[in-house]
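Coordinates from start22.txt are shown below (compact mmCIF, C-alpha atoms).
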```txt
# COMPACT_ATOMS: atom_id res chain seq x y z
CA MET A 1 -44.92 48.08 -44.53
CA THR A 2 -45.31 45.06 -46.85
CA ASP A 3 -45.11 41.72 -45.11
CA PHE A 4 -42.40 40.15 -47.27
CA LYS A 5 -41.96 37.33 -44.77
CA LYS A 6 -45.43 36.05 -45.67
CA PHE A 7 -44.58 35.99 -49.38
CA LEU A 8 -41.26 34.33 -48.68
CA GLU A 9 -43.11 31.57 -46.84
CA LEU A 10 -45.52 31.17 -49.74
CA GLY A 11 -42.60 30.94 -52.15
CA ILE A 12 -40.88 28.29 -50.05
CA SER A 13 -44.13 26.33 -49.86
CA ALA A 14 -44.50 26.57 -53.66
CA ALA A 15 -40.94 25.36 -54.10
CA ASP A 16 -41.66 22.40 -51.79
CA THR A 17 -44.76 21.53 -53.81
CA ALA A 18 -42.82 21.81 -57.07
CA ASN A 19 -40.13 19.51 -55.71
CA LYS A 20 -42.75 17.00 -54.58
CA ASN A 21 -44.43 17.12 -58.00
CA ARG A 22 -41.17 16.57 -59.85
CA LYS A 23 -40.32 13.60 -57.65
CA GLU A 24 -43.79 12.22 -58.31
CA ILE A 25 -43.28 12.56 -62.08
CA ASP A 26 -39.88 10.88 -61.73
CA ALA A 27 -41.59 8.05 -59.85
CA VAL A 28 -44.07 7.55 -62.71
CA PHE A 29 -41.20 7.38 -65.22
CA HIS A 30 -39.44 4.98 -62.89
CA ASP A 31 -42.50 2.69 -62.66
CA LEU A 32 -42.94 2.79 -66.43
CA ASN A 33 -39.32 1.91 -67.05
CA VAL A 34 -39.24 -0.86 -64.47
CA GLN A 35 -42.09 -2.50 -66.39
CA LEU A 36 -40.63 -1.77 -69.84
CA PHE A 37 -37.28 -3.10 -68.68
CA GLY A 38 -38.93 -6.23 -67.27
CA GLU A 39 -41.13 -6.89 -70.30
CA THR A 40 -38.29 -6.49 -72.81
CA GLY A 41 -35.65 -8.47 -70.94
CA GLY A 42 -33.79 -5.34 -69.92
CA LYS A 43 -33.46 -4.04 -73.47
CA ILE A 44 -35.82 -1.04 -73.72
CA VAL A 45 -36.40 2.06 -71.61
CA MET A 46 -38.04 5.44 -72.16
CA HIS A 47 -35.98 8.60 -71.63
CA ARG A 48 -36.56 12.28 -71.34
CA VAL A 49 -33.87 14.05 -73.31
CA PRO A 50 -33.50 17.83 -73.36
CA ASN A 51 -33.92 19.09 -76.91
CA GLY A 52 -30.50 19.60 -78.42
CA ALA A 53 -28.75 17.52 -75.79
CA THR A 54 -26.07 15.10 -76.93
CA ASN A 55 -25.80 13.07 -73.75
CA LEU A 56 -28.66 10.86 -72.74
CA LEU A 57 -29.85 11.29 -69.18
CA SER A 58 -30.52 8.35 -66.96
CA SER A 59 -34.24 7.62 -66.97
CA PHE A 60 -34.08 7.23 -63.21
CA THR A 61 -32.69 10.71 -62.51
CA SER A 62 -34.88 13.68 -61.69
CA VAL A 63 -35.06 16.13 -64.56
CA VAL A 64 -35.16 19.66 -63.24
CA PRO A 65 -35.45 22.40 -65.86
CA GLN A 66 -32.66 24.89 -65.31
CA THR A 67 -33.58 27.29 -68.08
CA PRO A 68 -36.74 27.98 -70.11
CA GLU A 69 -35.15 26.11 -73.04
CA GLN A 70 -34.82 23.02 -70.89
CA HIS A 71 -38.54 22.86 -70.32
CA ASN A 72 -38.82 21.20 -73.72
CA PHE A 73 -37.70 17.61 -73.96
CA SER A 74 -38.02 14.66 -76.27
CA LEU A 75 -39.41 11.34 -75.12
CA THR A 76 -37.26 8.65 -76.64
CA ILE A 77 -37.39 4.88 -76.81
CA GLU A 78 -33.89 3.66 -76.10
CA SER A 79 -32.34 0.24 -76.43
CA THR A 80 -29.71 -0.56 -73.86
CA VAL A 81 -27.91 -3.29 -75.81
CA PRO A 82 -25.69 -3.95 -77.70
CA GLU A 83 -25.05 -0.23 -77.66
CA ARG A 84 -27.32 2.68 -76.82
CA ALA A 85 -29.59 3.77 -79.63
CA SER A 86 -32.68 5.94 -79.37
CA THR A 87 -35.74 6.99 -81.35
CA LYS A 88 -37.75 10.08 -80.49
CA VAL A 89 -41.43 9.19 -80.16
CA ALA A 90 -42.97 12.30 -78.61
CA SER A 91 -42.26 15.71 -77.14
CA TRP A 92 -42.32 16.31 -73.40
CA THR A 93 -42.83 19.64 -71.68
CA MET A 94 -42.92 20.22 -67.96
CA ASP A 95 -43.76 23.30 -65.96
CA VAL A 96 -41.22 24.40 -63.32
CA ALA A 97 -43.86 23.41 -60.77
CA GLY A 98 -43.95 19.91 -62.22
CA TYR A 99 -47.59 20.02 -63.30
CA PRO A 100 -48.98 20.59 -65.83
CA CYS A 101 -46.72 18.49 -67.96
CA SER A 102 -47.59 17.65 -71.53
CA ILE A 103 -46.85 14.99 -74.07
CA GLU A 104 -47.21 15.75 -77.76
CA LEU A 105 -47.31 13.08 -80.44
CA GLY A 106 -48.29 13.96 -83.98
CA GLU A 107 -51.67 15.64 -83.88
CA LYS A 108 -52.35 14.80 -80.25
CA GLU A 109 -51.37 16.71 -77.17
CA TRP A 110 -52.10 15.42 -73.67
CA ILE A 111 -51.84 17.87 -70.80
CA CYS A 112 -51.42 16.07 -67.48
CA LEU A 113 -52.53 17.78 -64.31
CA ASP A 114 -51.58 15.16 -61.74
CA ARG A 115 -50.06 11.73 -61.24
CA SER A 116 -53.13 9.77 -62.32
CA GLY A 117 -53.45 11.94 -65.41
CA LEU A 118 -49.81 11.28 -66.31
CA GLU A 119 -50.23 7.55 -65.77
CA SER A 120 -53.34 7.35 -67.95
CA THR A 121 -51.56 9.42 -70.62
CA PHE A 122 -48.64 6.99 -70.64
CA ALA A 123 -51.18 4.19 -71.00
CA GLU A 124 -52.55 5.93 -74.10
CA LEU A 125 -49.08 6.71 -75.38
CA LEU A 126 -48.02 3.06 -75.24
CA GLN A 127 -51.07 2.20 -77.35
CA GLN A 128 -50.01 4.54 -80.14
CA PRO A 129 -48.75 2.65 -83.21
CA THR A 130 -45.66 4.85 -83.60
CA VAL A 131 -44.49 4.07 -80.06
CA ALA A 132 -45.11 0.35 -80.41
CA GLU A 133 -43.31 0.35 -83.76
CA ALA A 134 -40.30 2.12 -82.28
CA ILE A 135 -40.09 -0.50 -79.53
CA ARG A 136 -40.48 -3.30 -82.01
CA THR A 137 -37.82 -1.84 -84.34
CA HIS A 138 -35.30 -1.62 -81.52
CA LEU A 139 -36.03 -5.18 -80.40
CA ARG A 140 -35.57 -6.44 -83.96
CA LYS A 141 -32.22 -4.65 -84.27
CA ILE A 142 -31.09 -6.16 -80.99
CA ALA A 143 -32.14 -9.62 -82.15
CA ALA A 144 -30.37 -9.12 -85.50
CA SER A 145 -27.16 -8.03 -83.79
CA LYS A 146 -26.78 -11.38 -81.99
CA MET B 147 -62.10 39.36 -99.18
CA GLU B 148 -64.52 37.75 -96.75
CA ILE B 149 -64.37 34.48 -94.85
CA SER B 150 -67.50 32.88 -93.43
CA ILE B 151 -67.60 30.33 -90.65
CA ILE B 152 -70.34 28.06 -89.38
CA TRP B 153 -70.46 25.85 -86.30
CA TRP B 154 -73.19 23.28 -85.92
CA ASN B 155 -73.70 20.47 -83.42
CA THR B 156 -75.41 18.00 -85.74
CA SER B 157 -76.57 15.59 -82.96
CA LEU B 158 -75.91 12.70 -85.35
CA SER B 159 -73.27 10.83 -83.36
CA PRO B 160 -72.83 11.94 -79.74
CA ALA B 161 -69.56 10.56 -78.36
CA ILE B 162 -71.46 8.70 -75.63
CA LYS B 163 -73.82 6.98 -78.11
CA PRO B 164 -72.46 7.12 -81.65
CA GLY B 165 -74.11 5.43 -84.60
CA LEU B 166 -77.74 5.74 -83.48
CA ALA B 167 -78.82 8.22 -86.13
CA SER B 168 -81.34 6.83 -88.60
CA ALA B 169 -81.07 7.23 -92.35
CA GLU B 170 -83.80 9.85 -92.09
CA ASP B 171 -81.82 11.79 -89.45
CA ARG B 172 -78.76 11.76 -91.67
CA ASP B 173 -80.83 12.91 -94.60
CA SER B 174 -82.17 15.86 -92.56
CA ALA B 175 -78.70 16.81 -91.34
CA PHE B 176 -77.03 16.45 -94.70
CA ARG B 177 -79.64 18.70 -96.28
CA VAL B 178 -78.61 21.40 -93.84
CA ILE B 179 -74.91 20.85 -94.55
CA LYS B 180 -75.59 20.91 -98.27
CA ASN B 181 -77.27 24.29 -97.73
CA PHE B 182 -74.00 25.54 -96.20
CA ILE B 183 -71.99 24.15 -99.09
CA THR B 184 -74.33 25.73 -101.64
CA ARG B 185 -73.86 29.07 -99.84
CA GLN B 186 -70.11 28.48 -100.16
CA ILE B 187 -69.40 28.93 -96.48
CA ASP B 188 -65.60 28.90 -96.18
CA MET B 189 -65.36 26.85 -93.00
CA ILE B 190 -68.06 24.48 -91.72
CA CYS B 191 -67.27 23.07 -88.27
CA LEU B 192 -69.48 20.15 -87.28
CA GLY B 193 -69.90 18.47 -83.91
CA GLU B 194 -71.27 15.05 -82.95
CA MET B 195 -70.09 13.55 -86.20
CA SER B 196 -68.38 10.21 -86.77
CA PRO B 197 -66.20 8.71 -89.51
CA ALA B 198 -69.28 6.88 -90.81
CA ASP B 199 -71.22 10.16 -90.98
CA VAL B 200 -68.41 11.79 -92.97
CA LYS B 201 -68.32 8.85 -95.36
CA ALA B 202 -72.09 9.06 -95.83
CA LEU B 203 -71.92 12.84 -96.31
CA LYS B 204 -69.37 12.45 -99.09
CA LYS B 205 -71.77 10.07 -100.86
CA TYR B 206 -74.74 12.38 -100.25
CA CYS B 207 -73.25 15.52 -101.76
CA HIS B 208 -70.36 16.42 -103.97
CA LEU B 209 -67.88 18.32 -101.79
CA GLY B 210 -66.06 19.92 -104.72
CA GLN B 211 -63.63 22.50 -103.34
CA TYR B 212 -64.17 21.36 -99.76
CA ARG B 213 -61.61 19.32 -97.83
CA VAL B 214 -62.58 17.47 -94.67
CA VAL B 215 -60.43 17.44 -91.54
CA GLU B 216 -61.54 14.67 -89.24
CA GLY B 217 -61.02 14.84 -85.49
CA PHE B 218 -62.41 11.61 -84.08
CA SER B 219 -59.58 10.14 -82.08
CA LYS B 220 -60.02 8.44 -78.74
CA ALA B 221 -59.64 10.57 -75.62
CA GLY B 222 -59.66 8.40 -72.50
CA ARG B 223 -63.02 6.68 -72.27
CA THR B 224 -64.58 9.06 -74.79
CA ALA B 225 -63.56 10.41 -78.21
CA PHE B 226 -63.40 13.64 -80.11
CA ASP B 227 -66.42 14.04 -82.39
CA ILE B 228 -65.60 17.01 -84.59
CA CYS B 229 -64.91 17.46 -88.28
CA VAL B 230 -64.25 20.61 -90.26
CA LEU B 231 -65.06 21.16 -93.92
CA TYR B 232 -63.08 24.02 -95.42
CA ARG B 233 -62.76 25.51 -98.89
CA ARG B 234 -59.30 24.81 -100.16
CA ASP B 235 -59.50 27.72 -102.59
CA THR B 236 -59.71 30.20 -99.67
CA LEU B 237 -58.01 28.41 -96.78
CA LEU B 238 -54.87 26.33 -96.40
CA LEU B 239 -54.69 24.00 -93.41
CA SER B 240 -51.20 24.15 -91.97
CA GLY B 241 -51.57 22.40 -88.63
CA LYS B 242 -53.93 20.47 -86.42
CA LYS B 243 -53.74 19.46 -82.79
CA GLU B 244 -56.17 17.57 -80.59
CA LEU B 245 -55.91 18.88 -77.04
CA ALA B 246 -56.83 16.60 -74.16
CA THR B 247 -56.15 17.08 -70.47
CA THR B 248 -55.82 14.17 -68.09
CA SER B 249 -56.50 14.47 -64.39
CA GLY B 250 -57.28 11.58 -62.11
CA ALA B 251 -59.15 9.04 -64.18
CA MET B 252 -60.71 11.74 -66.32
CA THR B 253 -59.75 12.89 -69.79
CA MET B 254 -61.07 16.29 -70.73
CA LYS B 255 -61.46 17.08 -74.40
CA VAL B 256 -60.34 20.69 -74.30
CA GLY B 257 -60.75 21.09 -78.04
CA GLN B 258 -59.04 20.93 -81.37
CA ARG B 259 -56.70 23.61 -82.60
CA LEU B 260 -56.43 24.15 -86.34
CA LYS B 261 -54.05 26.57 -87.98
CA PHE B 262 -55.10 27.99 -91.33
CA ILE B 263 -53.24 30.21 -93.73
CA PHE B 264 -55.51 32.68 -95.49
CA GLY B 265 -55.49 36.01 -97.33
CA ASP B 266 -51.95 37.32 -97.79
CA ASP B 267 -50.24 34.42 -96.05
CA GLU B 268 -51.71 35.28 -92.69
CA ALA B 269 -52.22 32.66 -90.00
CA MET B 270 -55.42 32.08 -88.10
CA TYR B 271 -55.94 29.70 -85.19
CA ILE B 272 -59.34 28.08 -84.86
CA PHE B 273 -60.21 26.33 -81.63
CA VAL B 274 -63.17 23.98 -81.99
CA SER B 275 -64.57 22.71 -78.71
CA HIS B 276 -67.42 20.53 -77.61
CA TRP B 277 -67.68 20.60 -73.82
CA PRO B 278 -69.56 17.98 -71.82
CA SER B 279 -73.30 18.06 -71.60
CA ARG B 280 -74.86 19.28 -68.36
CA VAL B 281 -76.20 15.78 -67.91
CA TRP B 282 -72.65 14.61 -67.20
CA CYS B 283 -71.10 17.79 -65.89
CA GLU B 284 -73.57 20.01 -64.13
CA LYS B 285 -73.88 23.75 -64.49
CA ASN B 286 -71.31 25.69 -62.43
CA SER B 287 -69.36 22.54 -61.55
CA ALA B 288 -65.62 22.88 -60.94
CA THR B 289 -65.00 20.81 -64.06
CA ARG B 290 -66.73 23.38 -66.25
CA HIS B 291 -64.51 26.09 -64.80
CA GLU B 292 -61.53 23.88 -65.51
CA PHE B 293 -62.49 23.60 -69.17
CA GLY B 294 -62.51 27.38 -69.41
CA VAL B 295 -59.11 27.65 -67.73
CA LEU B 296 -57.52 24.95 -69.86
CA LEU B 297 -58.91 26.31 -73.13
CA ARG B 298 -57.74 29.77 -72.14
CA GLN B 299 -54.19 28.47 -71.63
CA GLU B 300 -54.14 27.11 -75.15
CA VAL B 301 -55.71 30.27 -76.58
CA GLN B 302 -53.09 32.31 -74.75
CA LYS B 303 -50.29 30.42 -76.50
CA ALA B 304 -51.95 31.03 -79.86
CA LEU B 305 -52.50 34.76 -79.20
CA GLY B 306 -48.77 35.19 -78.73
CA ALA B 307 -46.81 37.54 -76.50
CA LYS B 308 -48.43 40.65 -78.00
CA HIS B 309 -51.91 39.10 -78.16
CA SER B 310 -51.98 40.03 -81.82
CA GLN B 311 -52.58 36.72 -83.57
CA HIS B 312 -55.89 35.91 -85.22
CA VAL B 313 -57.75 33.47 -82.98
CA ILE B 314 -61.33 32.24 -83.23
CA VAL B 315 -62.82 29.98 -80.57
CA LEU B 316 -66.06 28.23 -81.43
CA GLY B 317 -68.19 25.27 -80.54
CA ASP B 318 -70.85 23.91 -78.26
CA PHE B 319 -69.73 24.87 -74.78
CA ASN B 320 -72.88 23.68 -73.02
CA ASP B 321 -72.55 27.01 -71.20
CA ASP B 322 -74.17 30.34 -72.01
CA PRO B 323 -72.00 33.42 -72.70
CA PHE B 324 -72.48 34.65 -69.11
CA ALA B 325 -71.16 31.39 -67.56
CA GLU B 326 -67.98 31.91 -65.54
CA SER B 327 -66.22 29.26 -67.60
CA LEU B 328 -66.51 31.53 -70.64
CA GLU B 329 -66.70 35.10 -69.36
CA GLU B 330 -64.15 34.80 -66.56
CA HIS B 331 -61.88 31.89 -67.36
CA LEU B 332 -61.82 31.97 -71.16
CA MET B 333 -62.00 35.80 -70.86
CA ALA B 334 -64.66 36.15 -73.55
CA SER B 335 -66.19 39.57 -73.00
CA ARG B 336 -69.44 41.16 -74.17
CA ASP B 337 -67.74 44.58 -74.23
CA ARG B 338 -66.20 45.33 -77.60
CA ASN B 339 -64.48 48.51 -76.44
CA ILE B 340 -62.63 46.84 -73.60
CA VAL B 341 -61.47 44.02 -75.86
CA THR B 342 -60.05 46.58 -78.32
CA THR B 343 -57.98 48.20 -75.60
CA ARG B 344 -57.10 45.00 -73.71
CA PRO B 345 -56.11 42.68 -76.54
CA TYR B 346 -55.63 39.65 -74.31
CA LEU B 347 -59.43 39.54 -73.99
CA LEU B 348 -61.68 37.82 -76.51
CA TYR B 349 -64.95 39.22 -77.86
CA ASN B 350 -68.11 37.16 -77.71
CA PRO B 351 -70.76 38.54 -80.07
CA PHE B 352 -73.23 35.86 -78.99
CA TRP B 353 -74.34 37.86 -75.97
CA ARG B 354 -76.72 39.47 -78.50
CA HIS B 355 -78.21 36.12 -79.36
CA MET B 356 -79.57 34.99 -76.02
CA THR B 357 -83.17 35.95 -76.59
CA SER B 358 -86.08 35.62 -79.01
CA ASN B 359 -85.35 36.18 -82.65
CA ASN B 360 -88.05 38.82 -82.92
CA LEU B 361 -89.49 41.56 -80.72
CA TYR B 362 -92.85 41.23 -79.06
CA SER B 363 -95.75 42.99 -80.68
CA VAL B 364 -99.44 42.29 -80.23
CA ARG B 365 -99.89 41.05 -83.79
CA GLY B 366 -96.31 40.08 -84.45
CA PRO B 367 -94.99 36.61 -85.28
CA VAL B 368 -94.29 34.06 -82.58
CA PRO B 369 -90.52 33.69 -82.15
CA SER B 370 -89.14 30.59 -83.76
CA TYR B 371 -86.13 30.41 -81.43
CA ALA B 372 -84.56 32.17 -78.45
CA GLY B 373 -81.03 30.82 -78.40
CA THR B 374 -79.05 28.11 -80.11
CA CYS B 375 -79.98 24.99 -78.17
CA TYR B 376 -83.48 23.79 -77.32
CA TYR B 377 -84.15 22.02 -74.03
CA ALA B 378 -87.68 20.70 -73.72
CA ASP B 379 -87.60 20.35 -69.92
CA GLY B 380 -86.34 23.84 -69.09
CA ASN B 381 -87.94 25.49 -66.03
CA ARG B 382 -87.12 29.11 -66.84
CA SER B 383 -86.34 28.81 -70.53
CA ASN B 384 -86.46 26.18 -73.21
CA TRP B 385 -83.52 27.85 -74.89
CA HIS B 386 -79.82 28.31 -74.16
CA THR B 387 -77.09 29.91 -76.22
CA PHE B 388 -74.53 27.16 -75.88
CA ASP B 389 -73.15 27.46 -79.41
CA GLN B 390 -70.90 30.45 -79.90
CA ILE B 391 -68.17 31.88 -82.11
CA ILE B 392 -65.71 34.07 -80.18
CA PHE B 393 -63.04 36.40 -81.62
CA SER B 394 -59.63 37.77 -80.71
CA SER B 395 -59.12 41.52 -80.60
CA SER B 396 -57.20 41.33 -83.88
CA PHE B 397 -60.62 41.37 -85.58
CA LEU B 398 -61.78 44.54 -83.80
CA GLY B 399 -59.62 47.17 -85.43
CA ASN B 400 -56.22 45.85 -84.42
CA SER B 401 -55.42 44.45 -87.90
CA ASP B 402 -56.68 44.58 -91.51
CA TRP B 403 -59.17 41.79 -90.77
CA HIS B 404 -62.44 42.84 -89.21
CA LEU B 405 -65.39 41.07 -87.70
CA ARG B 406 -68.57 41.43 -89.78
CA GLU B 407 -70.84 41.53 -86.79
CA ASP B 408 -73.86 42.13 -89.04
CA LYS B 409 -73.25 38.61 -90.33
CA VAL B 410 -72.95 37.00 -86.90
CA GLY B 411 -75.99 35.07 -85.76
CA ILE B 412 -78.07 31.95 -85.64
CA VAL B 413 -78.88 30.19 -88.88
CA ASP B 414 -82.61 29.69 -89.21
CA ILE B 415 -83.59 27.09 -91.77
CA PRO B 416 -87.34 26.85 -91.04
CA ALA B 417 -87.75 23.23 -92.15
CA TYR B 418 -84.96 22.29 -89.73
CA THR B 419 -85.70 24.77 -86.93
CA SER B 420 -89.22 23.40 -86.57
CA LYS B 421 -87.78 19.97 -85.70
CA LEU B 422 -86.03 21.21 -82.55
CA ALA B 423 -89.13 21.50 -80.39
CA LYS B 424 -90.37 18.03 -81.33
CA ARG B 425 -89.55 15.33 -78.79
CA THR B 426 -89.61 12.74 -81.56
CA GLU B 427 -86.67 14.42 -83.29
CA ARG B 428 -83.04 13.99 -82.23
CA PHE B 429 -81.94 17.50 -83.24
CA ASP B 430 -81.61 20.22 -80.60
CA HIS B 431 -78.98 22.69 -81.86
CA MET B 432 -79.20 25.56 -84.34
CA PRO B 433 -76.17 26.32 -86.51
CA VAL B 434 -74.35 29.59 -85.78
CA ILE B 435 -72.55 31.74 -88.31
CA ALA B 436 -70.00 34.53 -88.39
CA ALA B 437 -67.83 36.30 -90.95
CA ILE B 438 -64.63 38.30 -91.12
CA GLU B 439 -63.50 40.59 -93.92
CA LYS B 440 -60.29 42.26 -95.01
CA VAL B 441 -60.39 46.04 -95.17
CA ASN B 442 -57.15 47.76 -96.17
```
Show me this structure written as structure tokens.
Amino acid sequence: MTDFKKFLELGISAADTANKNRKEIDAVFHDLNVQLFGETGGKIVMHRVPNGATNLLSSFTSVVPQTPEQHNFSLTIESTVPERASTKVASWTMDVAGYPCSIELGEKEWICLDRSGLESTFAELLQQPTVAEAIRTHLRKIAASK
Amino acid sequence: MEISIIWWNTSLSPAIKPGLASAEDRDSAFRVIKNFITRQIDMICLGEMSPADVKALKKYCHLGQYRVVEGFSKAGRTAFDICVLYRRDTLLLSGKKELATTSGAMTMKVGQRLKFIFGDDEAMYIFVSHWPSRVWCEKNSATRHEFGVLLRQEVQKALGAKHSQHVIVLGDFNDDPFAESLEEHLMASRDRNIVTTRPYLLYNPFWRHMTSNNLYSVRGPVPSYAGTCYYADGNRSNWHTFDQIIFSSSFLGNSDWHLREDKVGIVDIPAYTSKLAKRTERFDHMPVIAAIEKVN
């Protein structure tokens, strides 16, 4: 007789690992946004937005893919004042297990296998001219609106 | 219709130490590339190149119908070092992606994926890879296995759900065809029959090119090479077959495009090949060539 109990235990363990990975990814986004928020006087954050979504998710909320379609997100630069406005800067894809997750920008695709990999990818992403320009454009609009 | 493809690690500008090639080295390398252009090779994939090398190449020889796709962007502490020359009268470039994987503090250059349209509006994915040297990433290390796994994941996406897309994987893998990274993880088989019936597998014709270029005979010529990459300090062999061109099953009878295995091999340009064994020369890789043809 097949030992289904063993496989059930493995599945539960995998689910625990996936949950831990997703929380870890959320924590990296959180750290990034705390610094972005601080550096821009509370005006700029980075969001993950499901493709096709009309409502923006809070950048501090865990993003758990519910369906295969929801594995594909956009990374957006969003200004918080005077009203919410966003610019897509990259695509974000995340496995149901959390890792690997990938960021795609133009001709580049970074596949992140762990927390350090994700952090170093964000470091590279922030150095990309298109991302910096999006941040700068939003800051200029905010300044012009005053 | 036939399409020819060459891969060559030029040794001009290794990512670790770019810009050290002398004018004489460039001259030697560009003569080889000009040979490819004269032969009207449809796609010439070059490794260890830099933007300065491409600029110098354009001055050295008239590229005519050839377009150059540069892939030199930064990847962590290193950079991609690949460019592709392709004939715009036979191929249309419709997409390019540089694939890097980050883990810990390391960035792994998995490869570059190019999508070409050719023939009757058919698509072909070319993966060009240059894996780390064994100086930095030793034989059989876990990292080498990881490269195979990661490249396989990208190849899998390109093959599609029915494994029917045209995919060619080529480059300097710094691993021989029998390495686990290639045979097991990339799933590049030596067995043509099994690839035909299991289309998720890839076929690696370079298993045939792991030994001397001629047979022994008492009065026969001394072999001029026994692989694609010369290593002066080898204990068991001075040669490895690190440079390979690997094919999807779509080229083995599962579509109208077929591998011309009689045109797969190592390109021997005697004036260049003789440089490889000389310690005073910087060159250590032979170019490799393959071709596909349409048969209705």
**Among listed residues A:Lys108, A:Ala14, A:Ser79, A:Met1, nearest Gln258 in chain B (using all atoms listed in the file)** = A:Lys108
Restrict the distance test to only C-alpha atoms, flag each residue of chain A within 10 Å of chain B, and return the flagged residues as a compact mmCIF listing (two decimals) with C-alpha atoms, keeping the file's coordinate frame.
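Once written, result00.txt looks like this:
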```
# COMPACT_ATOMS: atom_id res chain seq x y z
CA PRO A 100 -48.98 20.59 -65.83
CA CYS A 101 -46.72 18.49 -67.96
CA SER A 102 -47.59 17.65 -71.53
CA GLU A 104 -47.21 15.75 -77.76
CA LEU A 105 -47.31 13.08 -80.44
CA GLY A 106 -48.29 13.96 -83.98
CA GLU A 107 -51.67 15.64 -83.88
CA LYS A 108 -52.35 14.80 -80.25
CA GLU A 109 -51.37 16.71 -77.17
CA TRP A 110 -52.10 15.42 -73.67
CA ILE A 111 -51.84 17.87 -70.80
CA CYS A 112 -51.42 16.07 -67.48
CA LEU A 113 -52.53 17.78 -64.31
CA ASP A 114 -51.58 15.16 -61.74
CA ARG A 115 -50.06 11.73 -61.24
CA SER A 116 -53.13 9.77 -62.32
CA GLY A 117 -53.45 11.94 -65.41
CA LEU A 118 -49.81 11.28 -66.31
CA GLU A 119 -50.23 7.55 -65.77
CA SER A 120 -53.34 7.35 -67.95
CA THR A 121 -51.56 9.42 -70.62
CA ALA A 123 -51.18 4.19 -71.00
CA GLU A 124 -52.55 5.93 -74.10
```
Distance cut-off 7 Å, centre (-81.2, 11.5, -83.5) in file coordinates, counting only C-alpha atoms: which residues qualify? Return them as a compact mmCIF listing (two decimals) with C-alpha atoms, in the coordinates of the input.
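Heads up, here's the output in out28.txt:
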```txt
# COMPACT_ATOMS: atom_id res chain seq x y z
CA SER B 157 -76.57 15.59 -82.96
CA LEU B 158 -75.91 12.70 -85.35
CA LEU B 166 -77.74 5.74 -83.48
CA ALA B 167 -78.82 8.22 -86.13
CA SER B 168 -81.34 6.83 -88.60
CA ASP B 171 -81.82 11.79 -89.45
CA GLU B 427 -86.67 14.42 -83.29
CA ARG B 428 -83.04 13.99 -82.23
CA PHE B 429 -81.94 17.50 -83.24
```
**Request:** Please provide as a list in words all residues within 10 Å of range 293-295 of chain B, with the sequence filter that same-chain residues fewer than 5 positions apart are discarded (counting all atoms listed in the file).
**Result:** Thr247, Met254, Lys255, Val256, Gly257, Ser275, Trp277, Pro278, Ala288, Glu300, Val301, Phe319, Ala325, Glu326, Ser327, Leu328, Glu329, Glu330, His331, Leu332, Met333 and Ala334 of chain B
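Here CA of Pro367 in chain B is placed at a distance of 25.4 Å from CA of Gln390 in chain B.
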**Message:** Just want the 8 Å neighbourhood of range 414-420 of chain B, counted on all atoms listed in the file, with same-chain residues fewer than 6 positions away dropped. Output as a PyMOL selection string.
**Reply:** chain B and resi 174+178+370-371+432-433
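With CA of Phe218 in chain B on one side and CA of Ile187 in chain B on the other, the separation reads 22.4 Å.
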How big is the axis-aligned box around all listed atoms of range 429-434 of chain B once 6 Å goes on each side, and where's its centre, in Å to one decimal, as AutoDock Vina command-line options?
```
--center_x -78.1 --center_y 23.5 --center_z -83.6 --size_x 19.6 --size_y 24.1 --size_z 17.9
```
**Request:** Identify, on the basis of only C-alpha atoms, every residue whose closest approach to range 304-306 of chain B does not exceed 10 Å; exclude the query and any residue fewer than 3 positions from it along the same chain; express the result as number ranges by chain.
**Result:** B: 259, 261, 270-273, 298-301, 309-313, 345-347, 394-396
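If you look at CA of Tyr99 in chain A and CA of Arg22 in chain A, they are 8.1 Å away from each other.
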